[in-house]
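Enquirer: Structure file data02.cif (mmCIF, C-alpha atoms; chains and numbers go by the auth columns) right here:
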```cif
data_input
loop_
_atom_site.group_PDB
_atom_site.id
_atom_site.type_symbol
_atom_site.label_atom_id
_atom_site.label_comp_id
_atom_site.label_asym_id
_atom_site.label_seq_id
_atom_site.Cartn_x
_atom_site.Cartn_y
_atom_site.Cartn_z
_atom_site.B_iso_or_equiv
_atom_site.auth_seq_id
_atom_site.auth_asym_id
ATOM 1 C CA MET A 1 176.410 -66.826 28.345 0.00 1 A
ATOM 2 C CA THR A 2 175.911 -70.358 27.009 0.00 2 A
ATOM 3 C CA VAL A 3 177.010 -71.926 30.292 0.00 3 A
ATOM 4 C CA CYS A 4 174.622 -69.671 32.225 0.00 4 A
ATOM 5 C CA LEU A 5 171.709 -70.561 29.942 0.00 5 A
ATOM 6 C CA PHE A 6 172.589 -74.258 30.213 0.00 6 A
ATOM 7 C CA ALA A 7 172.658 -74.058 34.026 0.00 7 A
ATOM 8 C CA ILE A 8 169.272 -72.309 34.100 0.00 8 A
ATOM 9 C CA CYS A 9 167.805 -75.030 31.860 0.00 9 A
ATOM 10 C CA ILE A 10 169.190 -77.787 34.094 0.00 10 A
ATOM 11 C CA VAL A 11 167.773 -76.162 37.249 0.00 11 A
ATOM 12 C CA CYS A 12 164.354 -75.568 35.657 0.00 12 A
ATOM 13 C CA SER A 13 164.226 -79.108 34.248 0.00 13 A
ATOM 14 C CA SER A 14 165.128 -80.553 37.641 0.00 14 A
ATOM 15 C CA LEU A 15 162.430 -78.509 39.372 0.00 15 A
ATOM 16 C CA LEU A 16 159.838 -79.544 36.790 0.00 16 A
ATOM 17 C CA ALA A 17 160.805 -83.217 37.152 0.00 17 A
ATOM 18 C CA GLY A 18 160.554 -82.933 40.945 0.00 18 A
ATOM 19 C CA VAL A 19 157.093 -81.358 40.831 0.00 19 A
ATOM 20 C CA TYR A 20 155.968 -84.046 38.372 0.00 20 A
ATOM 21 C CA ALA A 21 157.248 -86.801 40.656 0.00 21 A
ATOM 22 C CA LEU A 22 155.466 -85.269 43.663 0.00 22 A
ATOM 23 C CA THR A 23 152.117 -84.757 41.921 0.00 23 A
ATOM 24 C CA LYS A 24 151.901 -87.824 39.662 0.00 24 A
ATOM 25 C CA GLU A 25 150.627 -90.231 42.316 0.00 25 A
ATOM 26 C CA PRO A 26 147.883 -87.926 43.732 0.00 26 A
ATOM 27 C CA ILE A 27 146.714 -87.022 40.226 0.00 27 A
ATOM 28 C CA ASP A 28 146.555 -90.691 39.222 0.00 28 A
ATOM 29 C CA ALA A 29 144.686 -91.542 42.438 0.00 29 A
ATOM 30 C CA ALA A 30 142.149 -88.760 41.815 0.00 30 A
ATOM 31 C CA ALA A 31 141.610 -89.929 38.229 0.00 31 A
ATOM 32 C CA LYS A 32 141.111 -93.523 39.408 0.00 32 A
ATOM 33 C CA ALA A 33 138.615 -92.412 42.067 0.00 33 A
ATOM 34 C CA LYS A 34 136.694 -90.342 39.497 0.00 34 A
ATOM 35 C CA ASN A 35 136.560 -93.321 37.131 0.00 35 A
ATOM 36 C CA GLU A 36 135.374 -95.708 39.872 0.00 36 A
ATOM 37 C CA ALA A 37 132.669 -93.257 40.976 0.00 37 A
ATOM 38 C CA ALA A 38 131.494 -92.922 37.374 0.00 38 A
ATOM 39 C CA ILE A 39 131.366 -96.708 36.985 0.00 39 A
ATOM 40 C CA MET A 40 129.153 -97.058 40.061 0.00 40 A
ATOM 41 C CA GLU A 41 126.944 -94.205 38.866 0.00 41 A
ATOM 42 C CA VAL A 42 126.194 -95.750 35.468 0.00 42 A
ATOM 43 C CA LEU A 43 125.741 -99.404 36.454 0.00 43 A
ATOM 44 C CA PRO A 44 122.524 -101.086 37.656 0.00 44 A
ATOM 45 C CA ALA A 45 121.754 -100.904 41.371 0.00 45 A
ATOM 46 C CA GLY A 46 122.487 -104.614 41.937 0.00 46 A
ATOM 47 C CA ALA A 47 126.156 -104.271 40.973 0.00 47 A
ATOM 48 C CA VAL A 48 128.328 -105.274 43.927 0.00 48 A
ATOM 49 C CA THR A 49 131.623 -106.371 42.391 0.00 49 A
ATOM 50 C CA ILE A 50 133.312 -104.459 39.585 0.00 50 A
ATOM 51 C CA GLU A 51 135.830 -106.321 37.480 0.00 51 A
ATOM 52 C CA GLU A 52 139.176 -104.779 36.575 0.00 52 A
ATOM 53 C CA GLU A 53 139.244 -102.808 33.350 0.00 53 A
ATOM 54 C CA ARG A 54 139.408 -104.799 30.127 0.00 54 A
ATOM 55 C CA THR A 55 139.708 -103.793 26.495 0.00 55 A
ATOM 56 C CA VAL A 56 137.898 -104.951 23.383 0.00 56 A
ATOM 57 C CA ASP A 57 138.727 -104.157 19.761 0.00 57 A
ATOM 58 C CA PHE A 58 135.910 -102.943 17.546 0.00 58 A
ATOM 59 C CA GLU A 59 136.299 -101.643 13.987 0.00 59 A
ATOM 60 C CA GLY A 60 140.007 -100.946 14.399 0.00 60 A
ATOM 61 C CA ALA A 61 139.769 -99.119 17.730 0.00 61 A
ATOM 62 C CA SER A 62 140.199 -100.314 21.307 0.00 62 A
ATOM 63 C CA TYR A 63 137.562 -99.604 23.985 0.00 63 A
ATOM 64 C CA THR A 64 137.817 -100.068 27.732 0.00 64 A
ATOM 65 C CA TYR A 65 135.035 -101.609 29.789 0.00 65 A
ATOM 66 C CA ASN A 66 134.280 -103.076 33.208 0.00 66 A
ATOM 67 C CA LEU A 67 131.881 -105.922 33.918 0.00 67 A
ATOM 68 C CA ALA A 68 129.818 -105.831 37.102 0.00 68 A
ATOM 69 C CA TYR A 69 128.488 -108.732 39.136 0.00 69 A
ATOM 70 C CA ASP A 70 125.853 -109.202 41.821 0.00 70 A
ATOM 71 C CA GLN A 71 126.426 -111.030 45.136 0.00 71 A
ATOM 72 C CA GLN A 72 125.827 -114.424 43.508 0.00 72 A
ATOM 73 C CA GLY A 73 128.439 -113.741 40.801 0.00 73 A
ATOM 74 C CA ASN A 74 125.989 -113.179 37.960 0.00 74 A
ATOM 75 C CA THR A 75 126.855 -110.497 35.431 0.00 75 A
ATOM 76 C CA VAL A 76 124.461 -107.588 35.963 0.00 76 A
ATOM 77 C CA GLY A 77 126.010 -104.927 33.777 0.00 77 A
ATOM 78 C CA CYS A 78 128.832 -103.390 31.858 0.00 78 A
ATOM 79 C CA ALA A 79 130.366 -99.896 31.819 0.00 79 A
ATOM 80 C CA ILE A 80 132.000 -98.840 28.540 0.00 80 A
ATOM 81 C CA ASN A 81 134.079 -95.759 27.688 0.00 81 A
ATOM 82 C CA VAL A 82 133.517 -94.052 24.341 0.00 82 A
ATOM 83 C CA ALA A 83 134.874 -90.742 23.059 0.00 83 A
ATOM 84 C CA PRO A 84 132.871 -89.319 20.151 0.00 84 A
ATOM 85 C CA VAL A 85 134.085 -86.037 18.666 0.00 85 A
ATOM 86 C CA GLY A 86 131.843 -83.080 19.448 0.00 86 A
ATOM 87 C CA PHE A 87 132.183 -79.425 18.479 0.00 87 A
ATOM 88 C CA GLY A 88 135.080 -78.756 20.869 0.00 88 A
ATOM 89 C CA GLY A 89 136.825 -82.126 20.603 0.00 89 A
ATOM 90 C CA PRO A 90 136.311 -85.530 22.180 0.00 90 A
ATOM 91 C CA VAL A 91 133.447 -85.989 24.625 0.00 91 A
ATOM 92 C CA VAL A 92 134.494 -88.894 26.866 0.00 92 A
ATOM 93 C CA ILE A 93 131.382 -90.727 28.027 0.00 93 A
ATOM 94 C CA LYS A 94 131.004 -93.720 30.329 0.00 94 A
ATOM 95 C CA VAL A 95 127.912 -95.706 29.335 0.00 95 A
ATOM 96 C CA GLY A 96 126.368 -98.261 31.686 0.00 96 A
ATOM 97 C CA PHE A 97 124.326 -101.203 30.444 0.00 97 A
ATOM 98 C CA ASP A 98 122.349 -103.866 32.217 0.00 98 A
ATOM 99 C CA ALA A 99 122.856 -107.499 31.164 0.00 99 A
ATOM 100 C CA LYS A 100 120.094 -107.186 28.532 0.00 100 A
ATOM 101 C CA GLY A 101 121.727 -104.238 26.752 0.00 101 A
ATOM 102 C CA VAL A 102 119.482 -101.477 28.091 0.00 102 A
ATOM 103 C CA ILE A 103 121.332 -98.260 28.916 0.00 103 A
ATOM 104 C CA CYS A 104 121.163 -97.686 32.672 0.00 104 A
ATOM 105 C CA ASN A 105 122.873 -94.308 32.777 0.00 105 A
ATOM 106 C CA THR A 106 125.569 -92.177 31.167 0.00 106 A
ATOM 107 C CA LYS A 107 128.251 -89.937 32.635 0.00 107 A
ATOM 108 C CA VAL A 108 130.451 -87.415 30.828 0.00 108 A
ATOM 109 C CA LEU A 109 134.006 -87.819 32.114 0.00 109 A
ATOM 110 C CA SER A 110 135.511 -84.954 30.115 0.00 110 A
ATOM 111 C CA GLN A 111 134.473 -82.508 27.424 0.00 111 A
ATOM 112 C CA ALA A 112 135.561 -79.199 25.920 0.00 112 A
ATOM 113 C CA GLU A 113 132.270 -78.088 24.410 0.00 113 A
ATOM 114 C CA THR A 114 131.134 -74.471 24.197 0.00 114 A
ATOM 115 C CA PRO A 115 130.075 -73.201 27.655 0.00 115 A
ATOM 116 C CA GLY A 116 126.335 -72.557 27.810 0.00 116 A
ATOM 117 C CA LEU A 117 125.680 -74.608 24.683 0.00 117 A
ATOM 118 C CA GLY A 118 127.332 -77.987 24.106 0.00 118 A
ATOM 119 C CA ALA A 119 128.642 -78.088 27.666 0.00 119 A
ATOM 120 C CA LYS A 120 125.029 -78.681 28.722 0.00 120 A
ATOM 121 C CA CYS A 121 125.586 -82.336 27.776 0.00 121 A
ATOM 122 C CA VAL A 122 126.681 -82.894 31.392 0.00 122 A
ATOM 123 C CA GLU A 123 123.393 -81.586 32.787 0.00 123 A
ATOM 124 C CA PRO A 124 120.673 -84.017 33.859 0.00 124 A
ATOM 125 C CA ALA A 125 118.141 -82.211 31.644 0.00 125 A
ATOM 126 C CA PHE A 126 119.934 -83.771 28.668 0.00 126 A
ATOM 127 C CA SER A 127 121.635 -86.905 29.973 0.00 127 A
ATOM 128 C CA ASP A 128 118.691 -88.250 32.006 0.00 128 A
ATOM 129 C CA GLN A 129 116.754 -88.994 28.814 0.00 129 A
ATOM 130 C CA PHE A 130 119.082 -91.961 28.261 0.00 130 A
ATOM 131 C CA LYS A 131 118.274 -93.696 31.573 0.00 131 A
ATOM 132 C CA GLY A 132 116.482 -96.927 30.741 0.00 132 A
ATOM 133 C CA TRP A 133 117.022 -96.401 27.016 0.00 133 A
ATOM 134 C CA ASP A 134 116.399 -99.622 25.099 0.00 134 A
ATOM 135 C CA PRO A 135 118.393 -99.360 21.854 0.00 135 A
ATOM 136 C CA SER A 136 116.357 -102.173 20.305 0.00 136 A
ATOM 137 C CA ALA A 137 113.149 -100.145 20.710 0.00 137 A
ATOM 138 C CA ARG A 138 114.371 -96.564 20.118 0.00 138 A
ATOM 139 C CA LYS A 139 116.806 -95.006 17.670 0.00 139 A
ATOM 140 C CA LEU A 140 119.941 -93.361 19.093 0.00 140 A
ATOM 141 C CA ALA A 141 119.973 -90.284 16.853 0.00 141 A
ATOM 142 C CA VAL A 142 118.731 -86.727 17.296 0.00 142 A
ATOM 143 C CA ARG A 143 115.169 -86.027 16.176 0.00 143 A
ATOM 144 C CA LYS A 144 116.487 -83.841 13.364 0.00 144 A
ATOM 145 C CA ASP A 145 118.092 -87.000 11.944 0.00 145 A
ATOM 146 C CA GLY A 146 115.017 -89.185 12.442 0.00 146 A
ATOM 147 C CA GLY A 147 115.927 -90.521 15.884 0.00 147 A
ATOM 148 C CA ASP A 148 114.433 -90.284 19.353 0.00 148 A
ATOM 149 C CA VAL A 149 117.028 -88.095 21.117 0.00 149 A
ATOM 150 C CA ASP A 150 115.991 -84.612 22.235 0.00 150 A
ATOM 151 C CA ALA A 151 118.934 -82.411 21.209 0.00 151 A
ATOM 152 C CA ILE A 152 120.399 -79.590 23.260 0.00 152 A
ATOM 153 C CA THR A 153 119.029 -76.299 21.942 0.00 153 A
ATOM 154 C CA ALA A 154 121.526 -74.635 19.547 0.00 154 A
ATOM 155 C CA SER A 155 123.977 -77.505 20.005 0.00 155 A
ATOM 156 C CA THR A 156 123.138 -80.131 17.435 0.00 156 A
ATOM 157 C CA ILE A 157 126.777 -81.129 16.870 0.00 157 A
ATOM 158 C CA THR A 158 127.310 -82.042 20.521 0.00 158 A
ATOM 159 C CA SER A 159 123.923 -83.785 20.693 0.00 159 A
ATOM 160 C CA ARG A 160 124.756 -85.809 17.585 0.00 160 A
ATOM 161 C CA ALA A 161 128.167 -86.717 18.988 0.00 161 A
ATOM 162 C CA TYR A 162 126.593 -87.866 22.265 0.00 162 A
ATOM 163 C CA ALA A 163 123.971 -89.963 20.473 0.00 163 A
ATOM 164 C CA ASP A 164 126.592 -91.380 18.085 0.00 164 A
ATOM 165 C CA GLY A 165 128.802 -92.226 21.063 0.00 165 A
ATOM 166 C CA LEU A 166 125.980 -94.100 22.747 0.00 166 A
ATOM 167 C CA ALA A 167 125.156 -95.928 19.499 0.00 167 A
ATOM 168 C CA LEU A 168 128.828 -96.914 19.280 0.00 168 A
ATOM 169 C CA ALA A 169 128.730 -98.105 22.901 0.00 169 A
ATOM 170 C CA VAL A 170 125.749 -100.316 22.008 0.00 170 A
ATOM 171 C CA LYS A 171 127.767 -101.931 19.207 0.00 171 A
ATOM 172 C CA VAL A 172 130.777 -102.378 21.498 0.00 172 A
ATOM 173 C CA PHE A 173 128.478 -103.941 24.129 0.00 173 A
ATOM 174 C CA GLU A 174 127.227 -106.404 21.522 0.00 174 A
ATOM 175 C CA THR A 175 130.838 -107.244 20.652 0.00 175 A
ATOM 176 C CA ILE A 176 131.668 -107.791 24.337 0.00 176 A
ATOM 177 C CA GLY A 177 128.749 -110.229 24.561 0.00 177 A
ATOM 178 C CA LYS A 178 130.428 -112.304 21.852 0.00 178 A
ATOM 179 C CA THR A 179 133.794 -112.537 23.640 0.00 179 A
ATOM 180 C CA PRO A 180 134.920 -115.735 25.394 0.00 180 A
ATOM 181 C CA MET A 181 133.388 -114.521 28.719 0.00 181 A
ATOM 182 C CA PRO A 182 129.921 -113.431 27.545 0.00 182 A
ATOM 183 C CA LEU A 183 127.371 -111.625 29.644 0.00 183 A
ATOM 184 C CA ASN A 184 124.961 -114.115 31.187 0.00 184 A
#
```
Please re-express this file's structure in structure tokens.

Expert:
Amino acid sequence: MTVCLFAICIVCSSLLAGVYALTKEPIDAAAKAKNEAAIMEVLPAGAVTIEEERTVDFEGASYTYNLAYDQQGNTVGCAINVAPVGFGGPVVIKVGFDAKGVICNTKVLSQAETPGLGAKCVEPAFSDQFKGWDPSARKLAVRKDGGDVDAITASTITSRAYADGLALAVKVFETIGKTPMPLN
């Protein structure tokens, strides 16, 4: 009985390893394509060249970002990943900035918010309010907390998380501007 169970485990483990080996490359390629599409969606229109992903440390955490350049090689923007915690867990957001620190666009890469409520954070009715958002002129907090963000109805936790994530991205952007290769 033990030998039989052991043989079944070996066969199942081998099959699982084989399926993993076959699907790993296509899954990684799809994830990379999704990330690259999101980068282009959140950056300014003049972005032609996207730099390879970098990381920056801020307040004990590491954040990934990509710098973007125009045809002359001038830095025109930056795309940063943040993952604030919403009601259903992390909401992974890619935030695009122009060289002056104005938010160009945002894109939710993954979320597990309540369908019909917090999951509306992916809809343009909510996310489009951040296009052209100047954090120096407007406060990134929901109106209930004294900010300028219109929250999703009945989903204040997700709205707060989104706004907090964007506020964090602003601080990370400022940190990136102080690195040895600053935005010009």

Enquirer: For the structure shown, which residues end up in the PyMOL selection byres ((chain A and resi 164) around 12)? Put them as a list in words, please?

Expert: Val82, Ala83, Pro84, Val85, Gly86, Val91, Ile93, Lys139, Leu140, Ala141, Val142, Asp145, Gly147, Val149, Thr156, Ile157, Thr158, Ser159, Arg160, Ala161, Tyr162, Ala163, Gly165, Leu166, Ala167, Leu168, Ala169, Val170 and Lys171 of chain A

Enquirer: Decode the PyMOL selection byres ((chain A and resi 52) around 9) for the given file into explicit residues and return them as a ChimeraX atom specification.

Expert: /A:50-51,53-54,65-67

Enquirer: From the list A:Ile80, A:Val102, A:Val172, A:Ala68, which residue is nearest Ala47 of chain A when using all atoms listed in the file?

Expert: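 Looking at the shortest contact to Ala47 of chain A, the residue is A:Ala68.
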
Enquirer: From the list A:Glu123, A:Asp148, A:Asp28, A:Asp98, which residue is nearest Phe173 of chain A when using only C-alpha atoms?

Expert: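 Smallest distance to Phe173 of chain A is found for A:Asp98.
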
Enquirer: Counting all atoms listed in the file, which residue out of A:Ile176, A:Ile152, A:Leu16, A:Arg138 sits closest to Gly77 of chain A?

Expert: A:Ile176

Enquirer: Kindly give the distance, in Å, that separates atom CA of Asn105 of chain A and atom CA of Asp128 of chain A, rounded to a single decimal.

Expert: 7.4 Å

Enquirer: To one decimal place in Å, what is the distance between atom CA of Lys34 of chain A and atom CA of Gly18 of chain A?

Expert: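 Atom-to-atom, atom CA of Lys34 of chain A and atom CA of Gly18 of chain A are spaced 25.0 Å apart.
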
Enquirer: Determine the residue set returned by the PyMOL selection byres ((chain A and resi 36-46) around 9) for the present structure, and present it as a VMD selection string.

Expert: chain A and resid 31 to 35 47 to 48 50 66 68 to 71 76 to 80 94 to 98 103 to 109

Enquirer: Can you measure atom CA of Val122 of chain A to atom CA of Val92 of chain A for me? One decimal in Å is fine.

Expert: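 Atom CA of Val122 of chain A sits 10.8 Å away from atom CA of Val92 of chain A.
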
Enquirer: Ranking A:Ser155, A:Ala137, A:Gln129, A:Lys100 by minimum distance to Gly116 of chain A and counting all atoms listed in the file, which one comes first?

Expert: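 So, comparing all the options, the nearest one is A:Ser155.
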
Enquirer: Compare A:Ser127, A:Asn81, A:Leu5, A:Arg143 by their minimum atom-to-atom distance to Thr55 of chain A, counting only C-alpha atoms, and give me the closest one.

Expert: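 Closest residue, counting only C-alpha atoms: A:Asn81.
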
Enquirer: Here is a test: counting all atoms listed in the file, which residue of A:Tyr63, A:Phe58, A:Tyr20, A:Phe87 is nearest to Ala154 of chain A?

Expert: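 Using all atoms listed in the file, Ala154 of chain A sits closest to A:Phe87.
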